[in-house]
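Data from entry-v3.txt: compact mmCIF, C-alpha atoms (C1' of nucleotides)
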```txt
# COMPACT_ATOMS: atom_id res chain seq x y z
CA MET A 1 27.27 -23.02 -21.01
CA THR A 2 24.37 -21.52 -19.14
CA VAL A 3 24.89 -19.00 -16.39
CA LYS A 4 24.21 -20.47 -12.97
CA GLU A 5 22.41 -18.06 -10.72
CA ASN A 6 22.57 -20.18 -7.59
CA LEU A 7 25.91 -21.44 -6.43
CA ARG A 8 24.56 -23.47 -3.54
CA PRO A 9 22.27 -26.48 -3.39
CA GLY A 10 18.58 -25.79 -3.37
CA GLY A 11 18.61 -23.22 -6.14
CA ARG A 12 15.16 -23.12 -7.70
CA SER A 13 15.90 -21.63 -11.13
CA ALA A 14 13.54 -19.04 -12.48
CA ARG A 15 10.35 -21.02 -13.01
CA VAL A 16 8.36 -19.54 -10.15
CA GLN A 17 9.57 -16.03 -10.86
CA ALA A 18 8.53 -16.32 -14.49
CA SER A 19 5.04 -17.66 -13.83
CA VAL A 20 4.38 -15.14 -11.08
CA HIS A 21 5.51 -12.23 -13.25
CA LYS A 22 3.33 -13.48 -16.07
CA ALA A 23 0.34 -13.78 -13.76
CA VAL A 24 0.84 -10.23 -12.51
CA ARG A 25 1.04 -8.83 -16.03
CA GLU A 26 -2.09 -10.64 -17.10
CA LEU A 27 -4.08 -9.66 -14.03
CA MET A 28 -3.04 -6.03 -14.30
CA ALA A 29 -4.28 -6.04 -17.88
CA GLU A 30 -7.73 -7.30 -17.04
CA MET A 31 -8.53 -5.53 -13.76
CA SER A 32 -7.73 -2.47 -11.70
CA ARG A 33 -4.61 -2.41 -9.56
CA ALA A 34 -6.62 -2.19 -6.34
CA GLU A 35 -8.25 -5.52 -7.12
CA VAL A 36 -5.03 -7.45 -7.65
CA THR A 37 -4.12 -9.43 -4.55
CA ILE A 38 -1.42 -11.91 -3.72
CA PRO A 39 -3.78 -14.88 -3.34
CA LEU A 40 -5.17 -14.03 -6.77
CA ILE A 41 -1.74 -13.85 -8.34
CA ALA A 42 -0.73 -17.07 -6.65
CA GLY A 43 -3.78 -18.85 -7.96
CA LYS A 44 -3.16 -17.72 -11.53
CA ALA A 45 0.54 -18.53 -11.33
CA GLY A 46 -0.08 -21.97 -9.88
CA VAL A 47 1.86 -21.37 -6.69
CA THR A 48 0.97 -20.99 -3.02
CA PRO A 49 0.52 -17.51 -1.57
CA SER A 50 3.12 -18.21 1.05
CA THR A 51 5.68 -18.71 -1.68
CA ILE A 52 5.09 -15.18 -2.89
CA TYR A 53 5.08 -13.73 0.61
CA ARG A 54 8.36 -15.41 1.44
CA ARG A 55 10.04 -14.47 -1.81
CA TRP A 56 8.86 -10.89 -2.29
CA GLY A 57 7.63 -9.84 1.14
CA ASP A 58 4.53 -7.99 0.05
CA LEU A 59 2.50 -6.92 -2.96
CA GLN A 60 4.34 -3.65 -3.41
CA GLU A 61 7.72 -5.29 -3.73
CA LEU A 62 6.36 -7.77 -6.23
CA LEU A 63 4.67 -5.08 -8.30
CA ALA A 64 7.87 -3.04 -8.26
CA ASP A 65 9.81 -6.07 -9.43
CA VAL A 66 7.43 -6.62 -12.33
CA ALA A 67 7.26 -2.94 -13.20
CA VAL A 68 11.00 -2.44 -13.43
CA ASP A 69 11.10 -5.40 -15.78
CA ARG A 70 8.51 -3.85 -18.04
CA LEU A 71 10.20 -0.48 -17.90
CA ARG A 72 13.37 -1.85 -19.47
CA PRO A 73 13.65 -0.39 -22.99
CA ASP A 74 13.21 -3.04 -25.64
CA MET A 75 15.05 -1.22 -28.38
CA GLN A 76 17.68 1.39 -29.15
CA PRO A 77 16.60 5.00 -29.59
CA ILE A 78 15.68 5.58 -33.22
CA ASP A 79 18.22 7.33 -35.42
CA ALA A 80 16.65 10.55 -36.66
CA GLY A 81 19.74 11.93 -38.35
CA SER A 82 21.22 14.26 -35.75
CA GLY A 83 21.81 14.35 -32.03
CA LYS A 84 19.15 16.95 -31.52
CA ALA A 85 16.59 15.11 -33.65
CA ASP A 86 17.43 11.84 -31.90
CA LEU A 87 17.00 13.38 -28.48
CA GLN A 88 13.79 15.10 -29.46
CA ALA A 89 12.26 11.93 -30.85
CA TRP A 90 13.36 9.93 -27.85
CA ALA A 91 12.11 12.51 -25.32
CA GLU A 92 8.70 12.75 -26.95
CA GLN A 93 8.26 9.02 -26.94
CA TYR A 94 9.52 8.76 -23.38
CA ALA A 95 7.10 11.44 -22.17
CA GLU A 96 4.22 9.79 -23.94
CA GLU A 97 4.91 6.30 -22.65
CA MET A 98 5.57 7.39 -19.09
CA SER A 99 2.54 9.64 -18.84
CA SER A 100 0.16 7.00 -20.15
CA GLY A 101 -2.00 5.14 -17.65
CA PRO A 102 0.12 1.99 -17.53
CA GLY A 103 3.32 4.05 -17.56
CA ARG A 104 2.26 6.07 -14.56
CA GLU A 105 1.25 2.94 -12.69
CA MET A 106 4.58 1.28 -13.31
CA ILE A 107 6.51 4.31 -12.12
CA ARG A 108 4.36 4.51 -9.04
CA ASP A 109 4.90 0.83 -8.33
CA VAL A 110 8.63 1.24 -8.61
CA LEU A 111 8.75 4.29 -6.36
CA ALA A 112 6.30 2.93 -3.80
CA ALA A 113 8.46 -0.06 -2.96
CA GLN A 114 10.76 0.22 0.00
CA ALA A 115 13.82 -1.10 -1.77
CA GLY A 116 15.33 1.79 -3.69
CA ALA A 117 17.26 -0.49 -6.05
CA ASN A 118 14.40 -0.74 -8.51
CA ALA A 119 14.13 3.02 -8.94
CA CYS A 120 17.87 3.25 -9.52
CA LYS A 121 17.60 0.64 -12.25
CA CYS A 122 14.96 2.71 -14.05
CA ALA A 123 17.15 5.78 -14.03
CA GLU A 124 19.99 3.62 -15.28
CA TYR A 125 17.94 2.39 -18.22
CA THR A 126 17.13 5.96 -19.16
CA ARG A 127 20.71 7.05 -18.84
CA GLN A 128 21.83 4.22 -21.10
CA GLN A 129 19.40 5.27 -23.81
CA ILE A 130 20.74 8.81 -23.70
CA ASP A 131 24.26 7.47 -23.72
CA VAL A 132 23.54 5.73 -27.00
CA ILE A 133 22.26 8.97 -28.49
CA ALA A 134 25.28 10.87 -27.19
CA GLU A 135 27.78 8.35 -28.54
CA ARG A 136 26.09 8.36 -31.90
CA ALA A 137 26.27 12.14 -32.03
CA LYS A 138 29.93 12.11 -31.11
CA ALA A 139 30.65 9.48 -33.76
CA ARG A 140 29.09 11.86 -36.28
CA GLY A 141 31.40 14.61 -35.03
CA GLU A 142 28.58 16.64 -33.49
CA ALA A 143 28.68 18.50 -30.21
CA PHE A 144 26.43 16.94 -27.61
CA PRO A 145 25.77 17.94 -24.00
CA ASP A 146 26.92 15.90 -21.06
CA VAL A 147 24.57 13.04 -20.19
CA ASP A 148 24.13 14.36 -16.64
CA ARG A 149 22.99 17.62 -18.10
CA VAL A 150 20.40 15.90 -20.26
CA MET A 151 19.16 13.97 -17.24
CA ASP A 152 18.80 17.21 -15.28
CA GLN A 153 17.29 19.39 -17.96
CA VAL A 154 15.18 17.01 -20.00
CA VAL A 155 14.45 13.77 -18.17
CA ALA A 156 13.96 15.23 -14.69
CA PRO A 157 11.47 17.94 -15.74
CA ILE A 158 9.43 15.43 -17.73
CA MET A 159 9.31 12.98 -14.84
CA TYR A 160 8.59 15.69 -12.28
CA ARG A 161 5.55 16.83 -14.21
CA ILE A 162 4.29 13.31 -14.65
CA LEU A 163 4.64 12.56 -10.96
CA PHE A 164 3.54 15.83 -9.43
CA GLY A 165 1.06 17.24 -11.85
CA ASP A 166 -0.06 17.28 -15.37
CA VAL A 167 1.00 15.46 -18.49
CA PRO A 168 3.83 17.34 -20.15
CA ALA A 169 2.74 18.67 -23.52
CA THR A 170 4.72 17.89 -26.63
CA LYS A 171 5.63 21.53 -27.05
CA ARG A 172 7.14 21.68 -23.60
CA VAL A 173 9.24 18.59 -24.24
CA ARG A 174 10.52 20.17 -27.41
CA ASP A 175 11.42 23.33 -25.53
CA LEU A 176 13.37 21.35 -22.97
CA VAL A 177 15.35 19.62 -25.69
CA ALA A 178 15.95 22.86 -27.55
CA ARG A 179 17.27 24.52 -24.42
CA VAL A 180 19.70 21.79 -23.48
CA MET A 181 21.00 21.61 -27.03
CA SER A 182 21.49 25.37 -27.31
CA THR A 183 23.40 26.19 -24.13
CA THR A 184 27.13 25.80 -24.54
CA ASP A 185 28.05 25.11 -20.95
CA MET B 1 -17.01 33.58 11.21
CA THR B 2 -15.69 30.09 10.84
CA VAL B 3 -15.66 28.35 7.49
CA LYS B 4 -18.22 25.56 7.28
CA GLU B 5 -16.84 22.50 5.58
CA ASN B 6 -20.05 20.53 5.48
CA LEU B 7 -23.09 22.08 3.95
CA ARG B 8 -25.39 19.18 4.75
CA PRO B 9 -26.54 17.66 8.02
CA GLY B 10 -24.32 15.00 9.52
CA GLY B 11 -21.05 16.85 9.22
CA ARG B 12 -18.61 15.55 11.83
CA SER B 13 -16.13 18.43 12.15
CA ALA B 14 -12.43 17.65 12.26
CA ARG B 15 -12.04 15.83 15.56
CA VAL B 16 -11.48 12.38 14.13
CA GLN B 17 -9.17 13.66 11.44
CA ALA B 18 -7.02 15.46 13.97
CA SER B 19 -6.66 12.56 16.37
CA VAL B 20 -5.94 10.08 13.58
CA HIS B 21 -3.30 12.34 12.04
CA LYS B 22 -1.70 12.80 15.43
CA ALA B 23 -1.65 9.05 16.04
CA VAL B 24 -0.01 8.46 12.68
CA ARG B 25 2.70 11.03 13.33
CA GLU B 26 3.47 9.59 16.74
CA LEU B 27 3.56 6.00 15.55
CA MET B 28 5.77 6.84 12.59
CA ALA B 29 8.20 8.47 15.00
CA GLU B 30 8.53 5.45 17.23
CA MET B 31 8.51 2.54 14.78
CA SER B 32 9.24 1.61 11.20
CA ARG B 33 6.68 2.31 8.49
CA ALA B 34 6.16 -1.37 7.78
CA GLU B 35 4.97 -1.92 11.34
CA VAL B 36 2.31 0.78 11.29
CA THR B 37 -1.13 -0.70 10.70
CA ILE B 38 -4.61 0.71 10.64
CA PRO B 39 -5.81 -1.17 13.75
CA LEU B 40 -2.77 0.23 15.57
CA ILE B 41 -3.47 3.77 14.46
CA ALA B 42 -7.13 3.38 15.35
CA GLY B 43 -6.26 2.18 18.84
CA LYS B 44 -3.93 5.08 19.48
CA ALA B 45 -6.38 7.61 18.05
CA GLY B 46 -9.29 6.25 20.06
CA VAL B 47 -11.41 5.39 17.05
CA THR B 48 -12.59 2.18 15.42
CA PRO B 49 -10.62 0.73 12.50
CA SER B 50 -13.73 0.77 10.36
CA THR B 51 -13.92 4.52 10.75
CA ILE B 52 -10.49 4.84 9.17
CA TYR B 53 -11.26 2.35 6.43
CA ARG B 54 -14.43 4.15 5.50
CA ARG B 55 -12.90 7.60 5.60
CA TRP B 56 -9.52 6.99 3.94
CA GLY B 57 -9.95 3.67 2.16
CA ASP B 58 -6.59 2.19 2.97
CA LEU B 59 -3.33 2.82 4.76
CA GLN B 60 -1.63 4.38 1.76
CA GLU B 61 -4.26 7.04 1.34
CA LEU B 62 -4.10 7.89 5.01
CA LEU B 63 -0.31 8.08 5.02
CA ALA B 64 -0.43 10.28 1.93
CA ASP B 65 -2.93 12.55 3.62
CA VAL B 66 -0.70 12.91 6.67
CA ALA B 67 2.45 13.33 4.60
CA VAL B 68 1.10 16.13 2.44
CA ASP B 69 0.15 17.91 5.63
CA ARG B 70 3.65 17.65 7.01
CA LEU B 71 5.16 18.69 3.70
CA ARG B 72 3.45 22.06 3.83
CA PRO B 73 6.13 24.72 4.38
CA ASP B 74 5.82 26.32 7.79
CA MET B 75 7.60 29.53 6.91
CA GLN B 76 8.55 31.90 4.12
CA PRO B 77 11.87 31.37 2.35
CA ILE B 78 14.59 33.27 4.20
CA ASP B 79 15.71 36.57 2.76
CA ALA B 80 19.39 36.28 1.90
CA GLY B 81 19.70 39.64 0.21
CA SER B 82 19.33 38.82 -3.49
CA GLY B 83 17.22 36.60 -5.68
CA LYS B 84 20.09 34.30 -6.41
CA ALA B 85 21.13 34.02 -2.77
CA ASP B 86 17.49 33.45 -1.75
CA LEU B 87 17.06 30.70 -4.29
CA GLN B 88 20.34 29.08 -3.39
CA ALA B 89 19.55 29.02 0.31
CA TRP B 90 16.06 27.74 -0.34
CA ALA B 91 17.21 25.02 -2.75
CA GLU B 92 19.87 23.74 -0.39
CA GLN B 93 17.43 23.48 2.46
CA TYR B 94 14.83 21.86 0.24
CA ALA B 95 17.30 19.26 -1.01
CA GLU B 96 18.44 18.48 2.49
CA GLU B 97 14.96 18.14 3.96
CA MET B 98 13.61 16.07 1.11
CA SER B 99 16.54 13.70 0.94
CA SER B 100 16.49 12.99 4.67
CA GLY B 101 14.97 9.74 5.85
CA PRO B 102 11.63 11.22 6.92
CA GLY B 103 11.54 13.46 3.85
CA ARG B 104 11.96 10.54 1.48
CA GLU B 105 9.28 8.59 3.28
CA MET B 106 6.80 11.43 3.06
CA ILE B 107 7.42 11.88 -0.65
CA ARG B 108 7.03 8.18 -1.20
CA ASP B 109 3.79 8.14 0.75
CA VAL B 110 2.41 10.99 -1.31
CA LEU B 111 3.37 9.42 -4.63
CA ALA B 112 2.31 5.90 -3.67
CA ALA B 113 -1.30 6.92 -3.09
CA GLN B 114 -3.74 6.48 -5.92
CA ALA B 115 -5.24 9.93 -5.69
CA GLY B 116 -2.95 12.29 -7.56
CA ALA B 117 -4.29 15.36 -5.78
CA ASN B 118 -1.83 15.06 -2.91
CA ALA B 119 1.18 15.10 -5.20
CA CYS B 120 -0.18 18.16 -6.98
CA LYS B 121 -0.50 19.92 -3.66
CA CYS B 122 3.15 19.29 -2.89
CA ALA B 123 4.26 20.76 -6.18
CA GLU B 124 1.98 23.70 -5.49
CA TYR B 125 3.60 24.34 -2.12
CA THR B 126 7.01 24.36 -3.77
CA ARG B 127 5.87 26.66 -6.52
CA GLN B 128 4.47 29.11 -3.98
CA GLN B 129 7.76 29.26 -2.14
CA ILE B 130 9.58 30.07 -5.36
CA ASP B 131 6.92 32.61 -6.20
CA VAL B 132 7.69 34.44 -3.00
CA ILE B 133 11.39 34.54 -3.88
CA ALA B 134 10.60 35.72 -7.40
CA GLU B 135 8.27 38.49 -6.23
CA ARG B 136 10.82 39.67 -3.71
CA ALA B 137 13.47 39.81 -6.41
CA LYS B 138 11.20 41.78 -8.72
CA ALA B 139 10.35 44.19 -5.91
CA ARG B 140 14.08 44.82 -5.56
CA GLY B 141 14.24 45.50 -9.28
CA GLU B 142 16.28 42.38 -10.03
CA ALA B 143 15.87 40.11 -13.02
CA PHE B 144 14.56 36.70 -12.04
CA PRO B 145 13.77 33.69 -14.20
CA ASP B 146 10.26 32.46 -14.82
CA VAL B 147 8.92 30.24 -12.05
CA ASP B 148 8.28 27.41 -14.48
CA ARG B 149 11.88 27.56 -15.47
CA VAL B 150 13.02 27.27 -11.88
CA MET B 151 10.72 24.30 -11.38
CA ASP B 152 12.19 22.60 -14.44
CA GLN B 153 15.83 23.37 -13.89
CA VAL B 154 16.21 23.36 -10.12
CA VAL B 155 13.34 21.62 -8.38
CA ALA B 156 12.84 18.78 -10.87
CA PRO B 157 16.50 17.70 -10.98
CA ILE B 158 16.74 17.70 -7.20
CA MET B 159 13.59 15.63 -6.84
CA TYR B 160 14.55 13.27 -9.65
CA ARG B 161 17.83 12.43 -7.96
CA ILE B 162 16.17 11.92 -4.61
CA LEU B 163 13.58 9.59 -6.08
CA PHE B 164 15.66 7.66 -8.58
CA GLY B 165 19.09 7.56 -7.09
CA ASP B 166 21.45 9.26 -4.80
CA VAL B 167 21.24 12.25 -2.54
CA PRO B 168 22.03 15.40 -4.48
CA ALA B 169 25.24 16.98 -3.20
CA THR B 170 25.29 20.60 -2.13
CA LYS B 171 27.66 21.47 -4.94
CA ARG B 172 25.28 20.09 -7.53
CA VAL B 173 22.39 22.09 -6.11
CA ARG B 174 24.51 25.22 -6.30
CA ASP B 175 25.35 24.47 -9.91
CA LEU B 176 21.69 24.09 -10.78
CA VAL B 177 20.87 27.44 -9.23
CA ALA B 178 23.85 29.12 -10.89
CA ARG B 179 22.78 27.81 -14.28
CA VAL B 180 19.17 28.93 -14.07
CA MET B 181 20.22 32.36 -12.86
CA SER B 182 22.79 32.85 -15.61
CA THR B 183 20.84 31.94 -18.72
CA THR B 184 18.81 34.83 -20.06
CA ASP B 185 16.29 32.66 -21.72
C1' DT C 1 24.57 -41.46 -7.32
C1' DT C 2 24.11 -39.41 -2.90
C1' DA C 3 24.15 -35.59 0.43
C1' DT C 4 22.84 -30.97 1.17
C1' DA C 5 20.43 -26.79 1.48
C1' DA C 6 17.34 -23.45 -0.54
C1' DA C 7 12.85 -22.92 -2.01
C1' DA C 8 8.05 -24.50 -2.31
C1' DG C 9 3.72 -26.75 -0.59
C1' DC C 10 0.31 -27.30 3.00
C1' DA C 11 -2.56 -26.01 6.75
C1' DA C 12 -3.43 -23.85 11.08
C1' DA C 13 -3.15 -19.55 13.55
C1' DT C 14 -3.17 -14.82 13.42
C1' DT C 15 -4.27 -10.40 11.74
C1' DA C 16 -6.39 -7.14 8.69
C1' DT C 17 -10.42 -5.66 6.01
C1' DT C 18 -15.26 -5.44 4.85
C1' DT C 19 -20.01 -4.93 5.90
C1' DG C 20 -24.70 -4.53 8.07
C1' DC C 21 -27.00 -2.19 11.47
C1' DG C 22 -27.88 0.73 15.45
C1' DT C 23 -26.31 5.20 17.56
C1' DT C 24 -24.48 9.81 17.77
C1' DA C 25 -23.93 14.46 16.53
C1' DA C 26 -23.75 18.41 13.28
C1' DT C 27 -26.54 21.24 10.37
C1' DA C 28 -31.03 23.07 7.99
C1' DG C 29 -35.37 24.63 8.44
C1' DT C 30 -38.96 26.09 11.20
C1' DA D 1 -34.80 27.23 20.68
C1' DC D 2 -36.51 23.08 18.79
C1' DT D 3 -37.06 19.32 15.57
C1' DA D 4 -36.00 16.79 11.32
C1' DT D 5 -32.48 15.16 8.64
C1' DT D 6 -28.34 13.00 7.27
C1' DA D 7 -23.43 12.00 7.31
C1' DA D 8 -20.15 9.93 10.14
C1' DC D 9 -19.08 6.79 13.85
C1' DG D 10 -19.10 2.50 16.90
C1' DC D 11 -19.77 -2.29 17.31
C1' DA D 12 -19.48 -6.96 15.99
C1' DA D 13 -19.81 -10.66 12.76
C1' DA D 14 -18.15 -12.29 8.38
C1' DT D 15 -14.64 -12.49 5.07
C1' DA D 16 -10.06 -12.14 3.29
C1' DA D 17 -5.19 -11.61 3.67
C1' DT D 18 -0.83 -12.63 6.01
C1' DT D 19 2.27 -15.24 8.93
C1' DT D 20 4.31 -19.36 10.54
C1' DG D 21 5.73 -24.23 11.71
C1' DC D 22 6.46 -28.23 9.48
C1' DT D 23 7.02 -31.38 5.47
C1' DT D 24 8.23 -32.22 0.78
C1' DT D 25 10.43 -31.23 -3.46
C1' DT D 26 14.35 -30.14 -6.36
C1' DA D 27 18.68 -28.00 -8.07
C1' DT D 28 23.42 -28.23 -7.16
C1' DA D 29 27.94 -30.03 -4.99
C1' DA D 30 30.66 -33.67 -4.05
```
Kindly transcribe the structure held in the file into structure tokens.
Amino acid sequence: MTVKENLRPGGRSARVQASVHKAVRELMAEMSRAEVTIPLIAGKAGVTPSTIYRRWGDLQELLADVAVDRLRPDMQPIDAGSGKADLQAWAEQYAEEMSSGPGREMIRDVLAAQAGANACKCAEYTRQQIDVIAERAKARGEAFPDVDRVMDQVVAPIMYRILFGDVPATKRVRDLVARVMSTTD
Amino acid sequence: MTVKENLRPGGRSARVQASVHKAVRELMAEMSRAEVTIPLIAGKAGVTPSTIYRRWGDLQELLADVAVDRLRPDMQPIDAGSGKADLQAWAEQYAEEMSSGPGREMIRDVLAAQAGANACKCAEYTRQQIDVIAERAKARGEAFPDVDRVMDQVVAPIMYRILFGDVPATKRVRDLVARVMSTTD
DNA sequence: TTATAAAAGCAAATTATTTGCGTTAATAGT
DNA sequence: ACTATTAACGCAAATAATTTGCTTTTATAA
């Protein structure tokens, strides 16, 4: 039994959404963000511009919708043997991905949209990844800091630097992890 | 002696910039952001739309330019008697201002723009405020954490929550300050 | 199978953006 | 103080994006 998304007549399944998302991803790969327009996307997706305008409102909302999709982690954090090693490996990869050109653009797209729901989803994805690491550590019998604490002391500083300044260096990420793992409270 | 901004002929002083900024501020006060357009701003500022397009490129860059201006602190952090009290008072006010409706919009405008320079400026303003608090504490002979540390453990978590989720509660802000002031390194 | 309603297509109307060219005004050099 | 120079601005035409009214299509409910 498939899940029905629309409970009323007129539901249009996900065909348009899928082809529009695909068109956005492809266009963003082959040209600069400033050159991507809704008529262009519509043409590539085989739909009318007005369909996109009515469904997403404007380009920013559409880009945010696509970006949050691409920001969803596609795998579990790797198991590096201990909670600290897991968190360190995860944080380094996170910092690298998010500070890359495409990573930065996706974050910007998500934050630039009016609807705040997309940004919340991103934070939720991150939190879930850390949750996995925390649960694994607890299952091993290790001490592991509260997830909120990790969000505050590791994730937030990494993201702040990416958004408001430079790329966080690997050493700095390691320091952040070391600090949160060393403090008892 | 006034500082010359343009070293070549043709410099146009700051008249247009001032009137356009003023028009943006006034329009943003009386209508929603989605309704503000460049032709509207141009009309109110008494300039031609093409002037704005040529000077700022697009609406986002203009809004970012105005926002970073408004985000500049207009006074020194208040002196509450001690480094910890200073930082606590400052952090609470910062969190409140930035999580307010206008505050969120200004941050979004700054981050949504392509040019990263505006975002850097914002972080620089914040860092300067904390610098003042730190210097004052040192002048009193108090211990005070490194400014980078305060950025990581107080400013970044506040901003992360504002951008990616809920409004940070006062209690949480106080906890962040208490933690950074208690750890030796 | 049929009725219904949400979403999509189409095209005209509106609005925003770009661009070429003439004009204005700030500075450099005399 | 005067003139030459050049960047920025105004204007208007051309182009492109967005909105909107109406029709058609299609997924679901009955």
Atom C1' of C:DG29 to atom CA of B:Pro9: how many Å, to one decimal?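 Result for atom C1' of C:DG29 versus atom CA of B:Pro9: 11.3 Å, one decimal.
Using all atoms listed in the file, the part of chain C that sits within 10 Å of chain A is made up of DT4, DA5, DA6, DA7, DA8, DG9 and DC10 of chain C.
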Give me the residues within 12 Å of D:DG21 as a VMD selection string, counting all atoms listed in the file and dropping any in the same chain fewer than 4 places off. chain C and resid 10 to 13
For A:Ala95, please output as number ranges by chain all residues within 12 Å (counting all atoms listed in the file; exclusion window: fewer than 6 positions along the same chain). A: 87-89, 101, 103-104, 126, 154-163, 166-174, 176
My list of candidates is D:DT6, D:DA1, D:DC11, D:DA16. Which is closest to chain B when distances are computed with only C-alpha atoms (C1' of nucleotides)?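 Closest to chain B, using only C-alpha atoms (C1' of nucleotides): D:DT6.
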So that each row is one residue of chain D with an atom at most 8 Å from chain A, can you give its shortest atom pair and the distance in Å to one decimal, using all atoms listed in the file, rows by chain and rising number, as a tab-separated table?
```
residue	atom	partner	partner_atom	distance
D:DA17	C1'	A:Pro39	CA	7.9
D:DT26	C1'	A:Gly10	CA	6.8
D:DA27	C1'	A:Gly11	CA	5.2
D:DT28	C1'	A:Pro9	CA	4.3
D:DA29	C1'	A:Pro9	CA	6.9
```
Take the residues from that selection and write them out as an mmCIF file, in the coordinates of the input, keeping C-alpha atoms (C1' of nucleotides).
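File written: out.cif
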```cif
data_model
loop_
_atom_site.group_PDB
_atom_site.id
_atom_site.type_symbol
_atom_site.label_atom_id
_atom_site.label_comp_id
_atom_site.auth_asym_id
_atom_site.auth_seq_id
_atom_site.Cartn_x
_atom_site.Cartn_y
_atom_site.Cartn_z
ATOM 1 C "C1'" DA D 17 -5.190 -11.610 3.670
ATOM 2 C "C1'" DT D 26 14.350 -30.140 -6.360
ATOM 3 C "C1'" DA D 27 18.680 -28.000 -8.070
ATOM 4 C "C1'" DT D 28 23.420 -28.230 -7.160
ATOM 5 C "C1'" DA D 29 27.940 -30.030 -4.990
#
```
Please rebuild stretch 131-142 of chain A with N, CA and C atoms and return the result as a short mmCIF file (atom, residue, chain, number, x, y, z; two decimals), in the frame of the given file.
```cif
data_model
loop_
_atom_site.label_atom_id
_atom_site.label_comp_id
_atom_site.auth_asym_id
_atom_site.auth_seq_id
_atom_site.Cartn_x
_atom_site.Cartn_y
_atom_site.Cartn_z
N ASP A 131 22.87 7.75 -23.38
CA ASP A 131 24.26 7.47 -23.72
C ASP A 131 24.40 7.05 -25.18
N VAL A 132 23.49 6.20 -25.61
CA VAL A 132 23.54 5.73 -27.00
C VAL A 132 23.41 6.92 -27.95
N ILE A 133 22.46 7.79 -27.64
CA ILE A 133 22.26 8.97 -28.49
C ILE A 133 23.51 9.85 -28.49
N ALA A 134 24.09 10.02 -27.31
CA ALA A 134 25.28 10.87 -27.19
C ALA A 134 26.46 10.29 -27.96
N GLU A 135 26.65 8.99 -27.84
CA GLU A 135 27.78 8.35 -28.54
C GLU A 135 27.61 8.46 -30.05
N ARG A 136 26.37 8.27 -30.48
CA ARG A 136 26.09 8.36 -31.90
C ARG A 136 26.40 9.77 -32.42
N ALA A 137 26.01 10.75 -31.62
CA ALA A 137 26.27 12.14 -32.03
C ALA A 137 27.77 12.39 -32.10
N LYS A 138 28.49 11.90 -31.12
CA LYS A 138 29.93 12.11 -31.11
C LYS A 138 30.59 11.41 -32.29
N ALA A 139 30.10 10.22 -32.62
CA ALA A 139 30.65 9.48 -33.76
C ALA A 139 30.43 10.25 -35.05
N ARG A 140 29.35 11.03 -35.09
CA ARG A 140 29.09 11.86 -36.28
C ARG A 140 29.92 13.14 -36.26
N GLY A 141 30.62 13.38 -35.14
CA GLY A 141 31.40 14.61 -35.03
C GLY A 141 30.60 15.79 -34.50
N GLU A 142 29.39 15.53 -34.02
CA GLU A 142 28.58 16.64 -33.49
C GLU A 142 28.92 16.95 -32.04
#
```
